[in-house]
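**Q** Right, I'll just put the structure down here and ask away after.
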Amino acid sequence: MSHVRVLVGTKKGAFILTADGKRQDWNITGPHFAGWEMYHLKGSPADPNRVYASQTSGWFGQVIQRSDDGGQTWNTPDGSVPPTPGEPAQGESNKFVYEGEVGKHLWYDGTPHPWEFKRIWHIEPSLTDPDTAYAGAEDAALFKTTDGGKTWKELPGLRQAKSRLWQPGAGGMAAHTILLDPRNDQRIYVAISAGGCFRTEDGGATWKPITRGLRSLYELPDPEAEVGHCVHRIALHPSRPDVLFMQKHWDIMRSDNAGEQWSEVSGDLPSDFGFPIDVHAHEPETLYVVPITSDSLHYPPEGKLRVYRSRTGGNEWEPLTRGLPQQNCYVNVLRDAMAVDSLEECGIYFGTTGGQVYCSADGGNSWDAIVRDLPAVYSVEVQTLK
Amino acid sequence: MIRVVLPYHLKNLARVDGEVELDVPGPITIGSVLEVLEAEYPVLRGTIRDHGTLRRRPFIRFFACREDLSLEPAGKPLPEAVVNGTEPLLIVGAMAGG
């Protein structure tokens with residue numbers, strides 16, 4: 001029978017939630033890496049036992065962890081402790097160095113400011129090779145490993161896409177979304193907070209901004225600005241990788257031509273501010289968002305936690321409330337904290353800054369909290385296992 | 001042997017209990033102790049001092065013999081009590097928050 005493994009990154013460690021296909025009885029392990037900020041964990045589609053994790057700390061910096069047994073045991077990919085006889089252990093797996101001249105982006109005061117590596121926000125394993133993965137960094141850049149995380153090398157072309165005009169927002173300047181096109185391994189999409197949205201057609205060598213149609217009048221006075229849009233999250237359905245959906249700082253957007261042109265599909269949402277957006281595993285026009293009151297009030301409108309679903313690819317939205325708190329709820333749902341499984345009845349998952357992880361085993365119609373009192377949830381990923 | 005006390009999270013990362021004991025050749029300095037420490041525990045590379053620049057991370061402090069040595073040059077000899085193993089070198093995560 002199929003089952004699911006939910007990988008949860010929180011402010012104080014990682015947790016792994018597992019259940020069978022009914023998704024009613026859950027086993028919870030953790031905290032893994034207790035006390036560390038776990039920005040993201042994600043499994044390899046090519047080998048579900050291979051899981052990468054970004055472990056980070058304001059004191060001790062960035063560490064990459066890897067599991068080869070589905071999260072039961074972990075090791076730094078090139079820092080075996082103590083060193084294994086006969087194997088070099090050089091401690092390079094947490095080394096993220098910008099290529100060439102570091103370069104400068106805009107600082108808050110409008111002056112040029114050099115790139116400074118802070119942490120990895122998101123790891124996106126290759127769809128076909130367990131040893132290949134991409135990592136999105138703050139300050140914004142894209143790194144790639146082809147040796148299972150032992151070493152990481154920047155794909156510097158991304159920072160040549162008008163990066164001198166990128167400027168951090170309040171949450172930092174991070175490459176937080178990496179989408180791989182399942183039909184074309186040379187095409188990758190990346191989204192950057194207060195940087196914009198970018199696409200490569202040559203495996204990461206060169207990138208172009210794909211922001212035509214985005215309007216960010218409160219953040220960017222220039223309506224034609226190519227970069228600087230605060231893209232919070234983008235998503236695609238693997239069967240139609242040319243169709244993109246975006247939760248921008250404000251606005252829900254869609255593109256039907258791989259980002260060449262965007263149009264707004266916020267429709268009748270109570271607020272079009274928010275962070276995550278995701279697509280139903282079997283219905284490419286069914287979307288999920290979690291409206292947040294505003295950029296000044298990072299909690300759900302009216303204190304009611306509602307996921308909104310559109311079955312029409314946007315514009316028409318319905319609130320999903322059964323099982324979710326409808327009063328006195330003032331949590332946020334962060335950009336990487338929503339995921340879907342691919343069981344026959346698609347499961348939807350999201351985590352909150354209040355430490356709840358919710359699951360809907362019926363496409364969003366009803367919800368249950370798998371766990372309620374974790375640290376603030378940074379990320380949620382789901383593996384559907386046979 | 002040079003005794004080194006790691007902060008809680010780095011003990012976990014390096015999978016050690018208690019103090020670390022290191023055989024450090026030559027002049028005993030913060031730099032030479034960290035060289036041996038990172039060679040023995042490569043997972044600690046980048047967590048105490050930056051890759052490449054080898055600069056101390058901002059929220060890491062070095063204490064020994066009730067002195068804060070964090071701002072001392074990495075090549076300055078450590079106190080005799082550390083060299084002869086009477087006292088440990090403490091690697092400390094700085095206080096943060098309120």
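Residue numbering restarts at 1 for every chain of the structure tokens, chains are lettered A, B, ... in their displayed order, and ligands are numbered from 1 as they appear.
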Compute the chain B side of the contact with chain A at 6 Å, counting only C-alpha atoms, and hand it back as an MDAnalysis selection string.

**A** chainID B and resid 41:43 45 47 59

**Q** What does the file look like for those residues with all heavy atoms, as an mmCIF file, in the first residue's frame?

**A**
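Saved as out05.cif:
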data_model
loop_
_atom_site.group_PDB
_atom_site.id
_atom_site.type_symbol
_atom_site.label_atom_id
_atom_site.label_comp_id
_atom_site.auth_asym_id
_atom_site.auth_seq_id
_atom_site.Cartn_x
_atom_site.Cartn_y
_atom_site.Cartn_z
ATOM 1 N N TYR B 41 37.737 16.765 12.554
ATOM 2 C CA TYR B 41 36.273 16.837 12.457
ATOM 3 C C TYR B 41 35.900 17.761 11.290
ATOM 4 O O TYR B 41 35.531 18.921 11.494
ATOM 5 C CB TYR B 41 35.665 17.354 13.757
ATOM 6 C CG TYR B 41 36.005 16.492 14.946
ATOM 7 C CD1 TYR B 41 37.066 16.803 15.788
ATOM 8 C CD2 TYR B 41 35.266 15.336 15.210
ATOM 9 C CE1 TYR B 41 37.397 16.000 16.857
ATOM 10 C CE2 TYR B 41 35.586 14.517 16.282
ATOM 11 C CZ TYR B 41 36.650 14.848 17.097
ATOM 12 O OH TYR B 41 36.974 14.046 18.156
ATOM 13 N N PRO B 42 36.004 17.267 10.081
ATOM 14 C CA PRO B 42 35.787 18.136 8.917
ATOM 15 C C PRO B 42 34.393 18.760 8.882
ATOM 16 O O PRO B 42 34.199 19.796 8.250
ATOM 17 C CB PRO B 42 35.982 17.190 7.721
ATOM 18 C CG PRO B 42 36.606 15.973 8.250
ATOM 19 C CD PRO B 42 36.381 15.894 9.714
ATOM 20 N N VAL B 43 33.456 18.143 9.568
ATOM 21 C CA VAL B 43 32.109 18.704 9.582
ATOM 22 C C VAL B 43 32.106 20.095 10.220
ATOM 23 O O VAL B 43 31.184 20.886 9.990
ATOM 24 C CB VAL B 43 31.147 17.750 10.327
ATOM 25 C CG1 VAL B 43 31.429 17.755 11.814
ATOM 26 C CG2 VAL B 43 29.703 18.095 10.053
ATOM 27 N N ARG B 45 34.254 22.425 9.583
ATOM 28 C CA ARG B 45 34.756 23.466 8.675
ATOM 29 C C ARG B 45 33.621 24.411 8.307
ATOM 30 O O ARG B 45 32.538 23.989 7.914
ATOM 31 C CB ARG B 45 35.311 22.846 7.399
ATOM 32 C CG ARG B 45 36.627 22.143 7.572
ATOM 33 C CD ARG B 45 37.227 21.826 6.199
ATOM 34 N NE ARG B 45 38.212 20.762 6.274
ATOM 35 C CZ ARG B 45 39.480 20.931 6.660
ATOM 36 N NH1 ARG B 45 39.904 22.138 6.979
ATOM 37 N NH2 ARG B 45 40.298 19.916 6.712
ATOM 38 N N THR B 47 31.967 26.275 10.318
ATOM 39 C CA THR B 47 31.037 26.563 11.410
ATOM 40 C C THR B 47 31.654 27.454 12.490
ATOM 41 O O THR B 47 30.936 28.090 13.243
ATOM 42 C CB THR B 47 30.547 25.259 12.087
ATOM 43 O OG1 THR B 47 31.663 24.614 12.705
ATOM 44 C CG2 THR B 47 29.898 24.327 11.088
ATOM 45 N N PHE B 59 29.486 35.370 15.743
ATOM 46 C CA PHE B 59 28.933 34.994 17.045
ATOM 47 C C PHE B 59 29.682 33.832 17.696
ATOM 48 O O PHE B 59 29.152 33.108 18.529
ATOM 49 C CB PHE B 59 27.441 34.662 16.928
ATOM 50 C CG PHE B 59 26.606 35.839 16.527
ATOM 51 C CD1 PHE B 59 25.482 35.677 15.744
ATOM 52 C CD2 PHE B 59 26.947 37.116 16.937
ATOM 53 C CE1 PHE B 59 24.711 36.772 15.366
ATOM 54 C CE2 PHE B 59 26.185 38.216 16.567
ATOM 55 C CZ PHE B 59 25.064 38.044 15.783
#

**Q** I want to know what sits within 8 Å of segment 82-93 of chain B, based on only C-alpha atoms, with residues of the same chain fewer than 4 positions away left out; could you give that as a list of chain:residue names?

**A**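 These residues fall inside the cut-off: A:Trp59, B:Met1, B:Ile2, B:Arg3, B:Val4, B:Val5, B:Leu6, B:Pro7, B:Ile28, B:Phe59, B:Ile60, B:Arg61, B:Phe62, B:Phe63, B:Ala64, B:Cys65, B:Leu78.
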
**Q** Find the spatial neighbours of segment 212-229 of chain A, counting only C-alpha atoms, within a cut-off of 8 Å - ignore same-chain residues fewer than 4 positions away - and output them as a PDB file with all heavy atoms, in the first residue's frame.

**A**
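Heads up, here's the output in result22.pdb:
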ATOM      1  N   LYS A 162      20.713  41.188 -14.499  1.00  0.00           N
ATOM      2  CA  LYS A 162      20.412  42.509 -13.921  1.00  0.00           C
ATOM      3  C   LYS A 162      20.453  42.503 -12.392  1.00  0.00           C
ATOM      4  O   LYS A 162      19.683  43.208 -11.742  1.00  0.00           O
ATOM      5  CB  LYS A 162      19.050  43.004 -14.416  1.00  0.00           C
ATOM      6  CG  LYS A 162      19.012  43.245 -15.928  1.00  0.00           C
ATOM      7  CD  LYS A 162      17.808  44.049 -16.325  1.00  0.00           C
ATOM      8  CE  LYS A 162      17.905  44.441 -17.787  1.00  0.00           C
ATOM      9  NZ  LYS A 162      16.812  45.311 -18.220  1.00  0.00           N
ATOM     10  N   LEU A 165      20.481  45.439  -9.846  1.00  0.00           N
ATOM     11  CA  LEU A 165      19.247  46.140  -9.464  1.00  0.00           C
ATOM     12  C   LEU A 165      18.432  45.368  -8.433  1.00  0.00           C
ATOM     13  O   LEU A 165      17.395  45.848  -7.990  1.00  0.00           O
ATOM     14  CB  LEU A 165      18.383  46.392 -10.715  1.00  0.00           C
ATOM     15  CG  LEU A 165      19.031  47.235 -11.810  1.00  0.00           C
ATOM     16  CD1 LEU A 165      18.123  47.315 -13.018  1.00  0.00           C
ATOM     17  CD2 LEU A 165      19.336  48.635 -11.274  1.00  0.00           C
ATOM     18  N   TRP A 166      18.866  44.160  -8.083  1.00  0.00           N
ATOM     19  CA  TRP A 166      18.138  43.429  -7.048  1.00  0.00           C
ATOM     20  C   TRP A 166      18.383  44.129  -5.708  1.00  0.00           C
ATOM     21  O   TRP A 166      19.473  44.629  -5.438  1.00  0.00           O
ATOM     22  CB  TRP A 166      18.616  41.982  -6.930  1.00  0.00           C
ATOM     23  CG  TRP A 166      18.540  41.175  -8.184  1.00  0.00           C
ATOM     24  CD1 TRP A 166      18.049  41.556  -9.418  1.00  0.00           C
ATOM     25  CD2 TRP A 166      19.014  39.848  -8.351  1.00  0.00           C
ATOM     26  NE1 TRP A 166      18.190  40.541 -10.322  1.00  0.00           N
ATOM     27  CE2 TRP A 166      18.784  39.473  -9.692  1.00  0.00           C
ATOM     28  CE3 TRP A 166      19.609  38.923  -7.507  1.00  0.00           C
ATOM     29  CZ2 TRP A 166      19.131  38.218 -10.199  1.00  0.00           C
ATOM     30  CZ3 TRP A 166      19.964  37.669  -8.000  1.00  0.00           C
ATOM     31  CH2 TRP A 166      19.713  37.322  -9.326  1.00  0.00           C
ATOM     32  N   GLN A 167      17.373  44.108  -4.870  1.00  0.00           N
ATOM     33  CA  GLN A 167      17.483  44.804  -3.596  1.00  0.00           C
ATOM     34  C   GLN A 167      16.724  43.985  -2.557  1.00  0.00           C
ATOM     35  O   GLN A 167      15.571  43.628  -2.788  1.00  0.00           O
ATOM     36  CB  GLN A 167      16.877  46.194  -3.715  1.00  0.00           C
ATOM     37  CG  GLN A 167      17.110  47.081  -2.524  1.00  0.00           C
ATOM     38  CD  GLN A 167      16.648  48.517  -2.795  1.00  0.00           C
ATOM     39  OE1 GLN A 167      15.776  48.751  -3.614  1.00  0.00           O
ATOM     40  NE2 GLN A 167      17.248  49.467  -2.105  1.00  0.00           N
ATOM     41  N   SER A 193      13.027  36.578  -3.745  1.00  0.00           N
ATOM     42  CA  SER A 193      12.360  37.653  -3.011  1.00  0.00           C
ATOM     43  C   SER A 193      12.944  38.989  -3.424  1.00  0.00           C
ATOM     44  O   SER A 193      14.165  39.168  -3.379  1.00  0.00           O
ATOM     45  CB  SER A 193      12.579  37.511  -1.514  1.00  0.00           C
ATOM     46  OG  SER A 193      12.293  36.233  -1.080  1.00  0.00           O
ATOM     47  N   ALA A 194      12.092  39.901  -3.786  1.00  0.00           N
ATOM     48  CA  ALA A 194      12.503  41.253  -4.166  1.00  0.00           C
ATOM     49  C   ALA A 194      13.522  41.240  -5.313  1.00  0.00           C
ATOM     50  O   ALA A 194      14.212  42.234  -5.527  1.00  0.00           O
ATOM     51  CB  ALA A 194      13.046  42.015  -2.965  1.00  0.00           C
ATOM     52  N   GLY A 195      13.616  40.125  -6.012  1.00  0.00           N
ATOM     53  CA  GLY A 195      14.482  40.038  -7.189  1.00  0.00           C
ATOM     54  C   GLY A 195      13.658  39.795  -8.434  1.00  0.00           C
ATOM     55  O   GLY A 195      13.821  40.443  -9.467  1.00  0.00           O
ATOM     56  N   GLY A 196      12.723  38.854  -8.327  1.00  0.00           N
ATOM     57  CA  GLY A 196      11.845  38.569  -9.455  1.00  0.00           C
ATOM     58  C   GLY A 196      11.793  37.097  -9.780  1.00  0.00           C
ATOM     59  O   GLY A 196      11.970  36.236  -8.910  1.00  0.00           O
ATOM     60  N   CYS A 197      11.560  36.824 -11.052  1.00  0.00           N
ATOM     61  CA  CYS A 197      11.398  35.464 -11.535  1.00  0.00           C
ATOM     62  C   CYS A 197      12.266  35.309 -12.776  1.00  0.00           C
ATOM     63  O   CYS A 197      12.321  36.221 -13.614  1.00  0.00           O
ATOM     64  CB  CYS A 197       9.909  35.237 -11.851  1.00  0.00           C
ATOM     65  SG  CYS A 197       9.441  33.528 -12.010  1.00  0.00           S
ATOM     66  N   LYS A 248       2.549  36.338  -5.733  1.00  0.00           N
ATOM     67  CA  LYS A 248       3.448  37.477  -5.595  1.00  0.00           C
ATOM     68  C   LYS A 248       3.157  38.121  -4.244  1.00  0.00           C
ATOM     69  O   LYS A 248       2.202  37.768  -3.575  1.00  0.00           O
ATOM     70  CB  LYS A 248       3.234  38.452  -6.765  1.00  0.00           C
ATOM     71  CG  LYS A 248       4.369  39.459  -6.944  1.00  0.00           C
ATOM     72  CD  LYS A 248       4.319  40.111  -8.325  1.00  0.00           C
ATOM     73  CE  LYS A 248       3.076  40.953  -8.529  1.00  0.00           C
ATOM     74  NZ  LYS A 248       3.000  42.104  -7.628  1.00  0.00           N
ATOM     75  N   TRP A 250       1.819  40.890  -3.446  1.00  0.00           N
ATOM     76  CA  TRP A 250       0.387  40.981  -3.685  1.00  0.00           C
ATOM     77  C   TRP A 250       0.128  40.351  -5.046  1.00  0.00           C
ATOM     78  O   TRP A 250       0.965  40.406  -5.926  1.00  0.00           O
ATOM     79  CB  TRP A 250      -0.086  42.443  -3.737  1.00  0.00           C
ATOM     80  CG  TRP A 250       0.012  43.210  -2.453  1.00  0.00           C
ATOM     81  CD1 TRP A 250       1.037  44.042  -2.078  1.00  0.00           C
ATOM     82  CD2 TRP A 250      -0.944  43.225  -1.389  1.00  0.00           C
ATOM     83  NE1 TRP A 250       0.773  44.571  -0.846  1.00  0.00           N
ATOM     84  CE2 TRP A 250      -0.445  44.105  -0.395  1.00  0.00           C
ATOM     85  CE3 TRP A 250      -2.170  42.592  -1.176  1.00  0.00           C
ATOM     86  CZ2 TRP A 250      -1.124  44.358   0.796  1.00  0.00           C
ATOM     87  CZ3 TRP A 250      -2.846  42.861   0.006  1.00  0.00           C
ATOM     88  CH2 TRP A 250      -2.331  43.732   0.983  1.00  0.00           C
ATOM     89  N   MET A 253      -0.893  35.263  -9.834  1.00  0.00           N
ATOM     90  CA  MET A 253      -0.650  35.437 -11.265  1.00  0.00           C
ATOM     91  C   MET A 253      -0.570  34.070 -11.937  1.00  0.00           C
ATOM     92  O   MET A 253      -0.254  33.064 -11.301  1.00  0.00           O
ATOM     93  CB  MET A 253       0.659  36.196 -11.504  1.00  0.00           C
ATOM     94  CG  MET A 253       0.808  37.504 -10.735  1.00  0.00           C
ATOM     95  SD  MET A 253      -0.355  38.796 -11.233  1.00  0.00           S
ATOM     96  CE  MET A 253       0.182  39.142 -12.912  1.00  0.00           C
ATOM     97  N   GLY A 259       6.186  31.830 -18.556  1.00  0.00           N
ATOM     98  CA  GLY A 259       6.588  33.058 -17.897  1.00  0.00           C
ATOM     99  C   GLY A 259       6.789  34.243 -18.819  1.00  0.00           C
ATOM    100  O   GLY A 259       7.132  35.327 -18.348  1.00  0.00           O
ATOM    101  N   GLU A 260       6.567  34.064 -20.121  1.00  0.00           N
ATOM    102  CA  GLU A 260       6.756  35.185 -21.050  1.00  0.00           C
ATOM    103  C   GLU A 260       5.766  36.306 -20.758  1.00  0.00           C
ATOM    104  O   GLU A 260       6.064  37.488 -20.949  1.00  0.00           O
ATOM    105  CB  GLU A 260       6.607  34.712 -22.499  1.00  0.00           C
ATOM    106  CG  GLU A 260       7.748  33.858 -22.987  1.00  0.00           C
ATOM    107  CD  GLU A 260       9.073  34.608 -23.005  1.00  0.00           C
ATOM    108  OE1 GLU A 260       9.095  35.780 -23.405  1.00  0.00           O
ATOM    109  OE2 GLU A 260      10.097  34.003 -22.592  1.00  0.00           O
ATOM    110  N   GLN A 261       4.578  35.940 -20.336  1.00  0.00           N
ATOM    111  CA  GLN A 261       3.550  36.937 -20.036  1.00  0.00           C
ATOM    112  C   GLN A 261       2.724  36.429 -18.865  1.00  0.00           C
ATOM    113  O   GLN A 261       2.353  35.247 -18.830  1.00  0.00           O
ATOM    114  CB  GLN A 261       2.641  37.166 -21.250  1.00  0.00           C
ATOM    115  CG  GLN A 261       1.548  38.191 -21.057  1.00  0.00           C
ATOM    116  CD  GLN A 261       2.087  39.624 -20.966  1.00  0.00           C
ATOM    117  OE1 GLN A 261       2.997  39.979 -21.714  1.00  0.00           O
ATOM    118  NE2 GLN A 261       1.576  40.400 -20.039  1.00  0.00           N
ATOM    119  N   TRP A 262       2.438  37.308 -17.934  1.00  0.00           N
ATOM    120  CA  TRP A 262       1.647  36.951 -16.753  1.00  0.00           C
ATOM    121  C   TRP A 262       0.337  37.721 -16.746  1.00  0.00           C
ATOM    122  O   TRP A 262       0.278  38.859 -17.220  1.00  0.00           O
ATOM    123  CB  TRP A 262       2.416  37.286 -15.466  1.00  0.00           C
ATOM    124  CG  TRP A 262       3.678  36.502 -15.272  1.00  0.00           C
ATOM    125  CD1 TRP A 262       4.917  36.813 -15.757  1.00  0.00           C
ATOM    126  CD2 TRP A 262       3.838  35.266 -14.549  1.00  0.00           C
ATOM    127  NE1 TRP A 262       5.836  35.848 -15.376  1.00  0.00           N
ATOM    128  CE2 TRP A 262       5.199  34.894 -14.633  1.00  0.00           C
ATOM    129  CE3 TRP A 262       2.962  34.444 -13.834  1.00  0.00           C
ATOM    130  CZ2 TRP A 262       5.707  33.749 -14.033  1.00  0.00           C
ATOM    131  CZ3 TRP A 262       3.465  33.300 -13.229  1.00  0.00           C
ATOM    132  CH2 TRP A 262       4.820  32.958 -13.332  1.00  0.00           C
ATOM    133  N   SER A 263      -0.685  37.114 -16.191  1.00  0.00           N
ATOM    134  CA  SER A 263      -1.946  37.829 -15.999  1.00  0.00           C
ATOM    135  C   SER A 263      -2.452  37.520 -14.599  1.00  0.00           C
ATOM    136  O   SER A 263      -2.196  36.446 -14.037  1.00  0.00           O
ATOM    137  CB  SER A 263      -2.973  37.424 -17.047  1.00  0.00           C
ATOM    138  OG  SER A 263      -3.190  36.028 -16.999  1.00  0.00           O
TER     139      SER A 263
END

**Q** I'd like the neighbourhood of Val6 of chain A as a CSV table (one decimal) with N, CA, C and O atoms, in the first residue's frame, where a residue qualifies if any of its atoms comes within 12 Å (using only C-alpha atoms), though same-chain residues fewer than 6 positions away should be ignored.

**A**
chain,number,residue,atom,x,y,z
A,14,ALA,N,14.0,19.6,12.6
A,14,ALA,CA,13.2,18.9,11.6
A,14,ALA,C,12.4,17.8,12.2
A,14,ALA,O,12.8,17.2,13.2
A,15,PHE,N,11.3,17.6,11.5
A,15,PHE,CA,10.4,16.5,12.0
A,15,PHE,C,9.9,15.7,10.7
A,15,PHE,O,9.8,16.3,9.7
A,16,ILE,N,9.8,14.4,10.9
A,16,ILE,CA,9.3,13.6,9.9
A,16,ILE,C,8.0,12.9,10.3
A,16,ILE,O,8.0,12.2,11.3
A,17,LEU,N,7.0,13.1,9.5
A,17,LEU,CA,5.7,12.5,9.8
A,17,LEU,C,5.3,11.5,8.7
A,17,LEU,O,5.4,11.8,7.5
A,18,THR,N,5.0,10.3,9.2
A,18,THR,CA,4.6,9.3,8.2
A,18,THR,C,3.3,8.7,8.5
A,18,THR,O,2.8,8.6,9.7
A,19,ALA,N,2.6,8.2,7.5
A,19,ALA,CA,1.3,7.6,7.6
A,19,ALA,C,1.1,6.7,6.4
A,19,ALA,O,1.7,6.8,5.4
A,20,ASP,N,0.1,5.8,6.5
A,20,ASP,CA,-0.3,5.0,5.4
A,20,ASP,C,-1.2,5.9,4.5
A,20,ASP,O,-1.5,7.1,4.8
A,23,ARG,N,-3.9,8.4,5.7
A,23,ARG,CA,-3.4,9.6,6.3
A,23,ARG,C,-4.2,10.0,7.5
A,23,ARG,O,-4.6,11.2,7.7
A,26,TRP,N,-0.7,9.0,12.4
A,26,TRP,CA,0.6,9.5,12.0
A,26,TRP,C,1.7,9.1,13.0
A,26,TRP,O,1.4,9.1,14.2
A,27,ASN,N,2.9,8.8,12.5
A,27,ASN,CA,4.0,8.6,13.4
A,27,ASN,C,4.9,9.8,13.2
A,27,ASN,O,5.2,10.2,12.0
A,28,ILE,N,5.4,10.3,14.3
A,28,ILE,CA,6.2,11.6,14.2
A,28,ILE,C,7.6,11.3,14.8
A,28,ILE,O,7.7,10.8,16.0
A,29,THR,N,8.6,11.6,14.1
A,29,THR,CA,10.0,11.6,14.7
A,29,THR,C,10.6,12.9,14.6
A,29,THR,O,10.3,13.8,13.8
A,40,HIS,N,14.8,23.8,5.0
A,40,HIS,CA,14.1,23.0,4.0
A,40,HIS,C,14.7,21.6,3.9
A,40,HIS,O,15.9,21.4,4.1
A,41,LEU,N,13.8,20.6,3.7
A,41,LEU,CA,14.2,19.2,3.5
A,41,LEU,C,13.4,18.7,2.3
A,41,LEU,O,12.2,19.0,2.1
A,42,LYS,N,14.1,18.0,1.4
A,42,LYS,CA,13.4,17.5,0.2
A,42,LYS,C,14.0,16.2,-0.2
A,42,LYS,O,15.3,16.0,-0.3
A,43,GLY,N,13.2,15.3,-0.6
A,43,GLY,CA,13.6,14.0,-1.1
A,43,GLY,C,13.9,14.0,-2.6
A,43,GLY,O,13.3,14.7,-3.3
A,48,PRO,N,13.8,7.9,-3.4
A,48,PRO,CA,13.1,8.5,-2.3
A,48,PRO,C,13.8,8.4,-0.9
A,48,PRO,O,13.5,9.2,0.0
A,51,VAL,N,17.5,12.0,0.9
A,51,VAL,CA,16.8,13.3,1.4
A,51,VAL,C,17.9,14.3,1.7
A,51,VAL,O,18.9,14.0,2.4
A,70,GLY,N,15.9,7.6,4.0
A,70,GLY,CA,14.6,8.2,4.2
A,70,GLY,C,14.5,9.0,5.5
A,70,GLY,O,13.4,9.1,6.0
A,71,GLY,N,15.6,9.5,6.0
A,71,GLY,CA,15.6,10.3,7.2
A,71,GLY,C,15.8,9.6,8.5
A,71,GLY,O,15.7,10.3,9.5
A,337,ALA,N,6.0,26.2,2.9
A,337,ALA,CA,5.3,25.3,3.9
A,337,ALA,C,4.0,24.7,3.3
A,337,ALA,O,3.0,24.5,4.1
A,338,MET,N,3.9,24.5,2.1
A,338,MET,CA,2.7,23.8,1.5
A,338,MET,C,3.2,22.8,0.5
A,338,MET,O,4.1,23.0,-0.3
A,339,ALA,N,2.5,21.6,0.5
A,339,ALA,CA,2.9,20.6,-0.5
A,339,ALA,C,1.7,19.7,-0.8
A,339,ALA,O,0.7,19.7,0.0
A,340,VAL,N,1.8,18.9,-1.8
A,340,VAL,CA,0.7,18.0,-2.2
A,340,VAL,C,1.4,16.6,-2.4
A,340,VAL,O,2.5,16.5,-2.8
A,341,ASP,N,0.6,15.5,-2.0
A,341,ASP,CA,1.0,14.2,-2.3
A,341,ASP,C,0.4,13.8,-3.6
A,341,ASP,O,-0.4,14.5,-4.2
A,347,GLY,N,-3.6,14.5,-1.4
A,347,GLY,CA,-3.5,15.1,-0.1
A,347,GLY,C,-2.8,16.5,-0.2
A,347,GLY,O,-1.9,16.7,-1.0
A,348,ILE,N,-3.3,17.4,0.6
A,348,ILE,CA,-2.7,18.7,0.7
A,348,ILE,C,-2.2,19.0,2.1
A,348,ILE,O,-2.9,18.6,3.1
A,349,TYR,N,-1.1,19.6,2.2
A,349,TYR,CA,-0.4,19.7,3.5
A,349,TYR,C,0.1,21.2,3.6
A,349,TYR,O,0.5,21.8,2.7
A,350,PHE,N,0.0,21.7,4.8
A,350,PHE,CA,0.6,23.0,5.1
A,350,PHE,C,1.0,23.1,6.6
A,350,PHE,O,0.3,22.5,7.4
A,351,GLY,N,2.0,23.9,6.8
A,351,GLY,CA,2.5,24.2,8.2
A,351,GLY,C,2.4,25.6,8.5
A,351,GLY,O,2.4,26.5,7.6
A,357,VAL,N,0.8,21.4,11.7
A,357,VAL,CA,0.9,20.9,10.3
A,357,VAL,C,-0.5,20.3,10.0
A,357,VAL,O,-0.9,19.3,10.7
A,358,TYR,N,-1.1,20.8,9.0
A,358,TYR,CA,-2.5,20.3,8.7
A,358,TYR,C,-2.4,19.5,7.4
A,358,TYR,O,-1.5,19.7,6.5
A,359,CYS,N,-3.3,18.5,7.4
A,359,CYS,CA,-3.4,17.6,6.2
A,359,CYS,C,-4.8,17.5,5.8
A,359,CYS,O,-5.7,17.4,6.6
A,370,ILE,N,-2.1,17.2,11.9
A,370,ILE,CA,-1.3,16.1,12.2
A,370,ILE,C,-0.6,16.3,13.5
A,370,ILE,O,-0.4,15.4,14.4
A,371,VAL,N,-0.1,17.5,13.8
A,371,VAL,CA,0.6,17.9,15.0
A,371,VAL,C,0.3,19.4,15.2
A,371,VAL,O,0.2,20.1,14.2
A,379,SER,N,9.0,24.9,6.4
A,379,SER,CA,8.9,24.2,5.1
A,379,SER,C,8.2,22.9,5.3
A,379,SER,O,8.3,22.2,6.4
A,380,VAL,N,7.4,22.5,4.3
A,380,VAL,CA,6.7,21.2,4.3
A,380,VAL,C,6.9,20.6,2.9
A,380,VAL,O,6.6,21.2,1.9
A,381,GLU,N,7.4,19.4,2.9
A,381,GLU,CA,7.5,18.6,1.6
A,381,GLU,C,6.9,17.2,1.9
A,381,GLU,O,6.9,16.7,3.0
A,382,VAL,N,6.3,16.6,0.8
A,382,VAL,CA,5.7,15.3,1.0
A,382,VAL,C,6.3,14.4,-0.1
A,382,VAL,O,6.5,14.7,-1.2
A,383,GLN,N,6.6,13.2,0.4
A,383,GLN,CA,7.0,12.1,-0.5
A,383,GLN,C,5.9,11.1,-0.5
A,383,GLN,O,5.4,10.6,0.5
A,384,THR,N,5.5,10.7,-1.7
A,384,THR,CA,4.5,9.6,-1.9
A,384,THR,C,5.3,8.3,-2.2
A,384,THR,O,6.0,8.3,-3.2
A,385,LEU,N,5.2,7.4,-1.3
A,385,LEU,CA,6.0,6.2,-1.4
A,385,LEU,C,5.2,4.9,-1.7
A,385,LEU,O,4.1,4.8,-1.2

**Q** Could you pull out the strand (DSSP E or B) residues of segment 57-299 of chain A, going by DSSP on the backbone, and write them as a PyMOL selection string?

**A** chain A and resi 57+61-67+75+104-106+112-114+119-125+133-138+141-145+153-154+169+172+174-180+188-192+195-200+208-209+229+231-236+244-248+250+252-255+263-264+273+277-279+287-289+292

**Q** Just how far from atom CA of Thr145 of chain A is atom CA of Asp129 of chain A, in Å to one decimal?

**A**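 The value is 10.7 Å.
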
**Q** Between atom CA of Tyr134 of chain A and atom CA of Arg5 of chain A, what distance in Å does the model show, to one decimal?

**A**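 Going from atom CA of Tyr134 of chain A over to atom CA of Arg5 of chain A covers 21.3 Å.
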
**Q** Can you list, as a list in words, every residue of segment 60-96 of chain B that DSSP puts in alpha helix (DSSP H)?

**A** Glu80, Ala81, Val82 and Val83 of chain B

**Q** Take the selection from the previous step and output its residues with C-alpha atoms, as a JSON list (two decimals), in the first residue's frame.

**A**
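Result saved to out_12.json:
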[["chain", "number", "residue", "atom", "x", "y", "z"],
["B", 80, "GLU", "CA", 50.77, 28.14, 28.90],
["B", 81, "ALA", "CA", 47.95, 26.52, 30.86],
["B", 82, "VAL", "CA", 46.24, 25.63, 27.58],
["B", 83, "VAL", "CA", 49.49, 24.44, 26.04]]
